[in-house]
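Visitor: Contents of my_file-v4.tsv (TSV, C-alpha atoms and all ligand atoms):
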```
chain	number	residue	atom	x	y	z
L	23	TRP	CA	54.36	95.29	92.37
L	24	GLY	CA	51.93	92.42	92.11
L	25	THR	CA	48.56	92.69	90.46
L	26	LEU	CA	46.93	94.61	93.34
L	27	GLY	CA	49.66	97.28	93.35
L	28	HIS	CA	49.58	97.81	89.57
L	29	HIS	CA	45.77	97.94	89.48
L	30	THR	CA	45.76	100.50	92.30
L	31	VAL	CA	48.39	102.73	90.64
L	32	ALA	CA	46.25	102.62	87.50
L	33	TYR	CA	43.05	103.60	89.34
L	34	VAL	CA	44.77	106.46	91.20
L	35	ALA	CA	46.00	107.78	87.84
L	36	THR	CA	42.50	107.35	86.38
L	37	ASN	CA	41.18	109.58	89.19
L	38	PHE	CA	43.65	112.41	88.40
L	39	VAL	CA	44.03	112.57	84.60
L	40	HIS	CA	42.54	115.44	82.65
L	41	PRO	CA	39.33	114.44	80.80
L	42	LYS	CA	41.07	115.08	77.44
L	43	THR	CA	43.90	112.76	78.52
L	44	ARG	CA	41.37	110.04	79.40
L	45	VAL	CA	39.74	110.28	75.96
L	46	LEU	CA	43.13	110.10	74.20
L	47	PHE	CA	44.36	107.07	76.17
L	48	GLN	CA	41.02	105.27	75.85
L	49	SER	CA	41.48	105.67	72.10
L	50	ILE	CA	45.15	104.57	72.12
L	51	LEU	CA	44.28	101.51	74.24
L	52	ASN	CA	41.06	100.78	72.34
L	53	ASP	CA	39.11	100.55	75.62
L	54	ILE	CA	36.39	103.07	76.49
L	55	THR	CA	35.58	101.52	79.90
L	56	PRO	CA	36.36	103.35	83.21
L	57	SER	CA	39.00	100.66	83.91
L	58	TYR	CA	40.95	101.37	80.69
L	59	LEU	CA	44.24	101.74	82.63
L	60	ALA	CA	43.75	98.93	85.18
L	61	ASN	CA	42.85	96.56	82.32
L	62	ILE	CA	46.34	96.89	80.81
L	63	ALA	CA	48.41	97.61	83.97
L	64	THR	CA	49.84	94.06	84.30
L	65	TRP	CA	50.18	93.38	80.56
L	66	ALA	CA	53.97	93.95	80.80
L	67	ASP	CA	54.28	91.19	83.44
L	68	THR	CA	52.54	88.66	81.22
L	69	MET	CA	54.77	89.60	78.25
L	70	ARG	CA	58.02	88.89	80.17
L	71	TYR	CA	57.41	85.17	79.70
L	72	VAL	CA	56.21	85.28	76.08
L	73	GLN	CA	58.63	83.94	73.48
L	74	GLY	CA	60.25	86.83	71.64
L	75	TRP	CA	59.59	89.26	74.52
L	76	GLY	CA	62.35	88.16	76.93
L	77	TRP	CA	64.20	91.41	76.19
L	78	SER	CA	61.56	93.24	78.25
L	79	ALA	CA	62.26	91.34	81.53
L	80	PRO	CA	65.26	93.50	82.66
L	81	LEU	CA	63.23	96.65	81.97
L	82	HIS	CA	61.13	96.19	85.14
L	83	PHE	CA	63.95	97.29	87.48
L	84	ILE	CA	67.34	98.97	87.92
L	85	ASP	CA	69.89	97.01	89.96
L	86	ALA	CA	71.57	99.73	92.05
L	87	GLU	CA	75.03	98.50	93.08
L	88	ASP	CA	74.93	100.46	96.33
L	89	ASP	CA	75.53	99.22	99.87
L	90	PRO	CA	72.39	99.19	102.03
L	91	PRO	CA	71.79	99.98	104.82
L	92	HIS	CA	74.99	102.12	104.99
L	93	SER	CA	74.69	103.86	101.66
L	94	CYS	CA	71.82	103.98	99.19
L	95	ALA	CA	72.10	105.54	95.71
L	96	VAL	CA	71.20	104.95	92.07
L	97	LYS	CA	73.68	105.86	89.32
L	98	TYR	CA	72.54	105.47	85.72
L	99	SER	CA	75.96	104.71	84.19
L	100	ARG	CA	76.85	102.18	86.90
L	101	ASP	CA	73.46	100.53	87.41
L	102	CYS	CA	71.59	100.47	84.08
L	103	GLY	CA	72.88	97.16	82.68
L	104	GLU	CA	73.85	96.35	79.10
L	105	HIS	CA	70.37	94.88	78.55
L	106	GLY	CA	68.65	98.06	79.76
L	107	CYS	CA	66.75	99.08	82.87
L	108	ILE	CA	63.53	100.73	83.99
L	109	VAL	CA	64.97	104.26	83.74
L	110	GLY	CA	65.99	103.82	80.10
L	111	ALA	CA	62.71	102.01	79.38
L	112	ILE	CA	60.61	104.96	80.61
L	113	GLN	CA	62.70	107.18	78.30
L	114	ASN	CA	62.30	104.89	75.27
L	115	PHE	CA	58.61	104.09	75.60
L	116	THR	CA	57.71	107.73	76.30
L	117	GLN	CA	59.48	108.72	73.08
L	118	GLN	CA	57.80	105.88	71.15
L	119	LEU	CA	54.37	106.97	72.38
L	120	LEU	CA	55.10	110.54	71.25
L	121	ASN	CA	56.44	109.48	67.83
L	122	PRO	CA	53.76	110.04	65.12
L	123	SER	CA	55.67	107.98	62.55
L	124	LEU	CA	55.21	104.77	64.56
L	125	GLY	CA	52.17	102.53	64.08
L	126	ALA	CA	49.16	102.30	66.39
L	127	VAL	CA	50.09	98.87	67.77
L	128	GLN	CA	53.61	99.95	68.77
L	129	ARG	CA	52.33	103.16	70.36
L	130	SER	CA	49.64	101.24	72.25
L	131	GLN	CA	52.28	98.82	73.59
L	132	ALA	CA	54.44	101.81	74.60
L	133	ALA	CA	51.47	103.20	76.57
L	134	LYS	CA	51.01	99.84	78.37
L	135	PHE	CA	54.71	99.72	79.29
L	136	ILE	CA	54.58	103.30	80.66
L	137	VAL	CA	51.56	102.53	82.87
L	138	HIS	CA	53.38	99.47	84.27
L	139	PHE	CA	56.89	100.89	84.68
L	140	LEU	CA	55.79	104.09	86.46
L	141	GLY	CA	54.34	101.67	89.02
L	142	ASP	CA	57.37	99.37	89.32
L	143	ILE	CA	59.91	102.22	89.62
L	144	HIS	CA	58.19	103.25	92.89
L	145	GLN	CA	58.77	99.80	94.53
L	146	PRO	CA	62.04	100.19	96.52
L	147	LEU	CA	63.35	96.71	95.66
L	148	HIS	CA	62.93	97.45	91.92
L	149	ASP	CA	65.68	100.08	92.47
L	150	GLU	CA	68.10	97.78	94.32
L	151	GLY	CA	70.64	95.21	93.10
L	152	MET	CA	71.29	93.31	96.34
L	153	ALA	CA	70.26	89.65	95.94
L	154	LYS	CA	68.44	90.46	92.67
L	155	GLY	CA	66.23	93.07	94.28
L	156	GLY	CA	65.66	90.91	97.37
L	157	ASN	CA	64.49	87.85	95.37
L	158	GLY	CA	67.37	85.90	96.95
L	159	ILE	CA	66.50	86.86	100.54
L	160	HIS	CA	64.27	84.21	102.10
L	161	VAL	CA	61.89	85.50	104.79
L	162	ILE	CA	58.86	84.35	106.77
L	163	PHE	CA	55.81	86.61	106.96
L	164	ASP	CA	52.83	86.14	109.30
L	165	GLY	CA	53.90	82.51	109.81
L	166	ASP	CA	54.05	81.77	106.06
L	167	GLU	CA	57.29	80.38	104.64
L	168	PHE	CA	55.87	79.82	101.14
L	169	ASN	CA	53.91	81.85	98.62
L	170	LYS	CA	50.70	80.66	96.96
L	171	TYR	CA	52.78	78.69	94.45
L	172	TYR	CA	54.53	76.87	97.35
L	173	LYS	CA	57.83	78.62	96.54
L	174	PRO	CA	59.88	79.93	99.50
L	175	LEU	CA	58.72	83.44	100.35
L	176	ASN	CA	61.28	86.14	99.55
L	177	LEU	CA	61.70	89.79	100.52
L	178	HIS	CA	60.90	91.03	97.00
L	179	SER	CA	57.53	89.29	96.81
L	180	VAL	CA	56.68	90.41	100.36
L	181	TRP	CA	57.03	94.04	99.16
L	182	ASP	CA	55.40	93.40	95.74
L	183	THR	CA	52.40	91.48	97.01
L	184	THR	CA	52.20	90.20	100.62
L	185	ILE	CA	52.23	93.54	102.46
L	186	PRO	CA	49.94	95.31	99.93
L	187	GLU	CA	47.40	92.47	100.22
L	188	LYS	CA	47.60	92.65	104.02
L	189	ILE	CA	46.99	96.43	103.94
L	190	VAL	CA	43.91	95.97	101.77
L	191	GLY	CA	42.64	92.59	102.97
L	192	GLY	CA	42.17	91.28	99.43
L	193	ASN	CA	43.48	91.39	95.86
L	194	THR	CA	40.49	91.80	93.55
L	195	LEU	CA	39.99	94.57	91.02
L	196	LEU	CA	37.37	96.06	93.36
L	197	ASP	CA	39.87	96.00	96.25
L	198	ALA	CA	42.25	98.01	94.04
L	199	GLU	CA	39.52	100.50	93.12
L	200	ASN	CA	38.65	101.00	96.81
L	201	TRP	CA	42.30	101.37	97.86
L	202	ALA	CA	42.79	103.90	95.06
L	203	ALA	CA	39.72	105.84	96.26
L	204	ASN	CA	41.25	106.05	99.77
L	205	LEU	CA	44.63	107.18	98.39
L	206	THR	CA	42.89	109.73	96.15
L	207	THR	CA	41.17	111.25	99.20
L	208	ALA	CA	44.51	111.29	101.06
L	209	ILE	CA	46.06	113.20	98.13
L	210	GLU	CA	43.19	115.67	97.75
L	211	THR	CA	42.35	116.44	101.36
L	212	GLY	CA	44.36	114.13	103.65
L	213	ILE	CA	47.90	113.23	104.71
L	214	TYR	CA	49.49	113.77	101.26
L	215	LYS	CA	47.82	117.13	100.53
L	216	THR	CA	50.77	119.28	101.62
L	217	GLN	CA	53.38	117.24	99.71
L	218	VAL	CA	51.65	116.43	96.43
L	219	GLY	CA	52.87	119.67	94.86
L	220	ALA	CA	56.48	118.55	95.34
L	221	TRP	CA	55.80	115.13	93.78
L	222	THR	CA	55.92	116.64	90.28
L	223	ASN	CA	58.88	119.00	90.90
L	224	SER	CA	61.47	117.10	88.86
L	225	MET	CA	59.09	116.10	86.06
L	226	ASN	CA	60.27	117.04	82.56
L	227	LEU	CA	58.78	115.44	79.44
L	228	ALA	CA	61.78	116.69	77.44
L	229	ASP	CA	64.06	114.52	79.61
L	230	PRO	CA	62.22	111.33	80.65
L	231	ALA	CA	65.42	109.56	81.76
L	232	SER	CA	66.38	112.29	84.25
L	233	THR	CA	62.80	112.36	85.50
L	234	ALA	CA	62.73	108.57	85.97
L	235	LEU	CA	66.17	108.61	87.63
L	236	SER	CA	64.89	111.13	90.19
L	237	TRP	CA	61.97	108.77	90.99
L	238	ALA	CA	64.34	105.77	91.25
L	239	SER	CA	66.74	107.66	93.54
L	240	GLU	CA	63.96	108.87	95.82
L	241	THR	CA	62.50	105.33	96.00
L	242	ASN	CA	65.87	103.59	96.54
L	243	VAL	CA	66.35	105.57	99.79
L	244	PHE	CA	63.66	103.39	101.38
L	245	VAL	CA	65.87	100.32	100.92
L	246	CYS	CA	68.20	101.80	103.57
L	247	THR	CA	65.54	103.31	105.85
L	248	THR	CA	62.72	100.76	105.75
L	249	VAL	CA	63.33	97.60	103.67
L	250	MET	CA	66.56	96.56	105.46
L	251	PRO	CA	67.35	99.25	108.08
L	252	ASN	CA	69.67	96.83	109.93
L	253	GLY	CA	71.08	95.13	106.85
L	254	ARG	CA	70.43	91.90	104.97
L	255	GLU	CA	71.64	89.61	107.78
L	256	ALA	CA	69.07	91.03	110.22
L	257	ILE	CA	66.15	89.81	108.07
L	258	GLU	CA	67.45	86.84	106.04
L	259	GLY	CA	65.57	83.70	107.14
L	260	THR	CA	63.73	85.53	109.91
L	261	GLU	CA	60.04	86.14	110.50
L	262	LEU	CA	59.09	89.72	109.68
L	263	ASN	CA	56.96	90.72	112.65
L	264	GLY	CA	54.36	93.38	113.30
L	265	THR	CA	56.97	96.08	113.79
L	266	TYR	CA	58.30	95.48	110.26
L	267	TYR	CA	54.78	95.64	108.81
L	268	GLU	CA	53.91	98.81	110.74
L	269	ALA	CA	57.00	100.57	109.30
L	270	SER	CA	56.58	99.25	105.75
L	271	ALA	CA	52.85	99.69	105.14
L	272	PRO	CA	52.91	103.53	105.22
L	273	VAL	CA	55.86	103.57	102.79
L	274	ILE	CA	54.02	101.26	100.39
L	275	GLU	CA	50.88	103.41	100.56
L	276	LEU	CA	52.94	106.55	99.90
L	277	GLN	CA	54.72	104.94	96.95
L	278	ILE	CA	51.50	103.65	95.34
L	279	ALA	CA	49.96	107.12	95.76
L	280	ARG	CA	53.03	108.84	94.28
L	281	ALA	CA	53.18	106.41	91.35
L	282	GLY	CA	49.50	106.90	90.49
L	283	TYR	CA	49.57	110.67	90.80
L	284	ARG	CA	52.80	110.99	88.78
L	285	LEU	CA	51.42	108.63	86.13
L	286	ALA	CA	48.40	110.93	85.74
L	287	ARG	CA	50.59	114.03	85.36
L	288	TRP	CA	52.97	112.17	82.95
L	289	MET	CA	49.98	111.11	80.83
L	290	ASP	CA	48.71	114.73	80.84
L	291	LEU	CA	52.12	115.92	79.58
L	292	ILE	CA	52.09	113.25	76.86
L	293	ALA	CA	48.55	114.21	75.85
L	294	GLY	CA	49.61	117.86	75.58
L	295	ASN	CA	52.38	116.91	73.14
L	296	PHE	CA	50.64	114.11	71.24
L	297	LYS	CA	50.68	114.23	67.43
L	301	LIG	N1	53.01	87.61	87.00
L	301	LIG	C1	52.09	87.74	85.97
L	301	LIG	N2	52.01	86.79	84.99
L	301	LIG	C2	52.80	85.72	85.07
L	301	LIG	C3	53.73	85.56	86.12
L	301	LIG	C4	53.82	86.54	87.08
L	301	LIG	O1	51.37	88.73	85.91
L	301	LIG	N3	52.69	84.78	84.10
L	301	LIG	C5	53.07	88.65	88.02
L	301	LIG	C6	52.86	88.10	89.41
L	301	LIG	C7	53.82	88.92	90.26
L	301	LIG	C8	54.41	89.94	89.29
L	301	LIG	O2	54.32	89.31	88.02
L	301	LIG	O3	53.05	89.54	91.27
L	301	LIG	C9	55.83	90.36	89.61
L	301	LIG	O4	56.34	91.19	88.56
L	301	LIG	P1	56.79	92.74	88.70
L	301	LIG	O5	56.99	93.10	90.11
L	301	LIG	O6	57.91	92.95	87.75
L	301	LIG	O7	55.61	93.60	88.19
L	302	LIG	N1	45.46	93.56	77.00
L	302	LIG	C1	46.49	92.65	76.81
L	302	LIG	N2	46.88	91.85	77.86
L	302	LIG	C2	46.27	91.93	79.03
L	302	LIG	C3	45.21	92.83	79.25
L	302	LIG	C4	44.84	93.63	78.20
L	302	LIG	O1	47.05	92.59	75.72
L	302	LIG	N3	46.67	91.14	80.03
L	302	LIG	C5	45.10	94.42	75.88
L	302	LIG	C6	43.97	93.90	75.05
L	302	LIG	C7	43.36	95.17	74.51
L	302	LIG	C8	43.56	96.15	75.67
L	302	LIG	O2	44.68	95.68	76.41
L	302	LIG	O3	44.13	95.68	73.43
L	302	LIG	C9	42.32	96.26	76.54
L	302	LIG	O4	42.29	95.17	77.45
L	302	LIG	P1	40.98	94.37	77.81
L	302	LIG	O5	40.61	93.54	76.61
L	302	LIG	O6	41.40	93.53	78.99
L	302	LIG	O7	39.94	95.38	78.17
L	303	LIG	N1	63.31	91.78	89.85
L	303	LIG	C1	64.00	92.89	90.33
L	303	LIG	N2	65.35	92.94	90.26
L	303	LIG	C2	66.06	91.92	89.73
L	303	LIG	C3	65.39	90.76	89.27
L	303	LIG	C4	64.00	90.72	89.34
L	303	LIG	O1	63.36	93.84	90.80
L	303	LIG	N3	67.38	92.00	89.66
L	303	LIG	C5	61.85	91.72	89.98
L	303	LIG	C6	61.04	91.47	88.73
L	303	LIG	C7	59.82	90.78	89.30
L	303	LIG	C8	60.35	89.98	90.45
L	303	LIG	O2	61.57	90.65	90.87
L	303	LIG	O3	58.96	91.73	89.87
L	303	LIG	C9	60.60	88.52	90.15
L	303	LIG	O4	61.45	88.46	89.05
L	303	LIG	P1	61.76	87.09	88.27
L	303	LIG	O5	60.41	86.48	88.03
L	303	LIG	O6	62.48	87.53	87.03
L	303	LIG	O7	62.60	86.30	89.22
L	304	ZN	ZN	58.47	93.12	91.67
L	305	ZN	ZN	56.80	94.57	86.57
```
Would you write out, as structure tokens, the structure that this file holds?

Guide:
Amino acid sequence: WGTLGHHTVAYVATNFVHPKTRVLFQSILNDITPSYLANIATWADTMRYVQGWGWSAPLHFIDAEDDPPHSCAVKYSRDCGEHGCIVGAIQNFTQQLLNPSLGAVQRSQAAKFIVHFLGDIHQPLHDEGMAKGGNGIHVIFDGDEFNKYYKPLNLHSVWDTTIPEKIVGGNTLLDAENWAANLTTAIETGIYKTQVGAWTNSMNLADPASTALSWASETNVFVCTTVMPNGREAIEGTELNGTYYEASAPVIELQIARAGYRLARWMDLIAGNFK
């Protein structure tokens, strides 16, 4: 996700964590403000480009070698590359955060990675290998052929950033807070109320990799149903029209809501086992 998506996941989680969890993570992150999670939610994206931190770049995704739109699936042994992947990263950083023999700086960085990666794993193209998660699929959206950096627009960035910003009509921190408030209401009393119980079904702090793989598998299904329902050729170089947006926006809202709610419950589990 882009900045708006990560900030919104963070604010949804902020709205659902137990008060004791909030106090613990405000201490770990050395930030007692109400935006203690949003403030660090994109830290992992800035670190990808920092010298000495290049190892973290492949940890933002898992390149499923499946065959959309005919068959979608994530397999850990096949798809988690030799340099690691988001499923293994959620395992490692969860264990680091829970390890009392590690120092405060390393545990704080582990917390920042967890907040970011629980967001990214819910973006369908972060669980897909085709054309580097859609980065190699040029598309036009709402008449725009280029992003704000004048680079050709691609399918990955349309899902990370363009569609979320169109849903919200902005990309500020306040926009994220407001979007998160809407999603929080949808979870508590609205369209997600009947399903939220099932969102935490496969969650097991004793096995973070299996938990993360279940999230990646569930998310990867949308590559076949929604991201490229008629295959790569049907969208490559084309303008994605209103019909595409109408089908994608509800999936993106669902995935941001799921990521934020699951992040809150994952943080609660960590807080309950923190030494
Ligand atoms: N990004 C950033 N800092 C940079 C370059 C890019 O925060 N120096 C962000 C902008 C994109 C995002 O990274 O929206 C994409 O990364 P991902 O989807 O892995 O979170
Ligand atoms: N932080 C960071 N990089 C960012 C944002 C935040 O390293 N892009 C760190 C700095 C503090 C903590 O997160 O340790 C709190 O962030 P902030 O100073 O933004 O409140
Ligand atoms: N990305 C991905 N799958 C890949 C390569 C990259 O999901 N195989 C993501 C990470 C960033 C975005 O795409 O969110 C752009 O990556 P980069 O800046 O490394 O091209
Ligand atoms: Zn991305
Ligand atoms: Zn990322």

Visitor: Residues up to 8 Å from ligand ZN 305 (chain L), counting all atoms listed in the file: could you list those as a ChimeraX atom specification?

Guide: /L:23-24,64,66-67,82-83,138-139,141-142

Visitor: Using only C-alpha atoms and all ligand atoms for the distances, tell me which of L:Ala32, L:Thr55, L:Ile143, L:Gly106 is nearest to ligand LIG 301 (chain L).

Guide: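 Among L:Ala32, L:Thr55, L:Ile143, L:Gly106, it is L:Ile143 that comes nearest to ligand LIG 301 (chain L).
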
Visitor: Check every protein, DNA and RNA residue against ligand LIG 302 (chain L), keep those with an atom at most 8 Å away (counting only C-alpha atoms and all ligand atoms), and present them as a PyMOL selection string.

Guide: chain L and resi 51-53+55+57-58+61-66+68+130+134

Visitor: Go ahead and save the residues from that selection, with C-alpha atoms, as a compact mmCIF listing (two decimals), in the coordinates of the input.

Guide:
```txt
# COMPACT_ATOMS: atom_id res chain seq x y z
CA LEU L 51 44.28 101.51 74.24
CA ASN L 52 41.06 100.78 72.34
CA ASP L 53 39.11 100.55 75.62
CA THR L 55 35.58 101.52 79.90
CA SER L 57 39.00 100.66 83.91
CA TYR L 58 40.95 101.37 80.69
CA ASN L 61 42.85 96.56 82.32
CA ILE L 62 46.34 96.89 80.81
CA ALA L 63 48.41 97.61 83.97
CA THR L 64 49.84 94.06 84.30
CA TRP L 65 50.18 93.38 80.56
CA ALA L 66 53.97 93.95 80.80
CA THR L 68 52.54 88.66 81.22
CA SER L 130 49.64 101.24 72.25
CA LYS L 134 51.01 99.84 78.37
```

Visitor: Could you list, as number ranges by chain, all protein and nucleic acid residues with an atom at most 12 Å from ligand ZN 304 (chain L), counting only C-alpha atoms and all ligand atoms?

Guide: L: 23-28, 64, 66-67, 79-84, 108, 138-139, 141-150, 154-157, 176-184

Visitor: Between L:Glu255, L:Glu275, L:Glu187, L:Asp229, which has the minimum distance to L:Val109 (counting all atoms listed in the file)?

Guide: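 With all atoms listed in the file as the atom set, the closest residue is L:Asp229.
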
Visitor: Between atom CA of L:Ile54 and atom CA of L:Trp288, what is the spacing in Å?

Guide: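 According to the coordinates, atom CA of L:Trp288 and atom CA of L:Ile54 are separated by 20.0 Å.
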
Visitor: Counting only C-alpha atoms and all ligand atoms, which of L:Pro186, L:Gly103, L:Pro174, L:Pro272 gets nearest to ligand LIG 301 (chain L)?

Guide: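 Closest residue, counting only C-alpha atoms and all ligand atoms: L:Pro186.
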
Visitor: Write out as a list in words the residues lying within 12 Å of L:Thr265, counting all atoms listed in the file and excluding same-chain residues fewer than 5 positions away.

Guide: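 Contacts, with the query itself left out: Phe163, Asp164, Thr248, Ser270 and Ala271 of chain L.
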
Visitor: If I take atom O3 of ligand LIG 303 (chain L) and atom CA of L:Thr43, how far is one from the other in Å, to one decimal?

Guide: 28.2 Å

Visitor: Return the single residue from L:Ser78, L:Ser99, L:Ser224, L:Thr247 that is closest to ligand LIG 303 (chain L), with distances computed using only C-alpha atoms and all ligand atoms.

Guide: L:Ser78

Visitor: Could you tell me how far atom CA of L:Asn169 lies from atom CA of L:Gly76, in Å and to one decimal?

Guide: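 Distance between the two atoms: 24.1 Å.
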
Visitor: If we count all atoms listed in the file, what is near L:Pro230 at a cut-off of 8 Å, once residues fewer than 4 positions away on the same chain are taken out, given as a ChimeraX atom specification?

Guide: /L:112-113,116,225-226,234

Visitor: Which one of L:Thr260, L:Cys107, L:Arg287, L:Tyr98 sits closest to ligand LIG 301 (chain L) if you count only C-alpha atoms and all ligand atoms?

Guide: L:Cys107
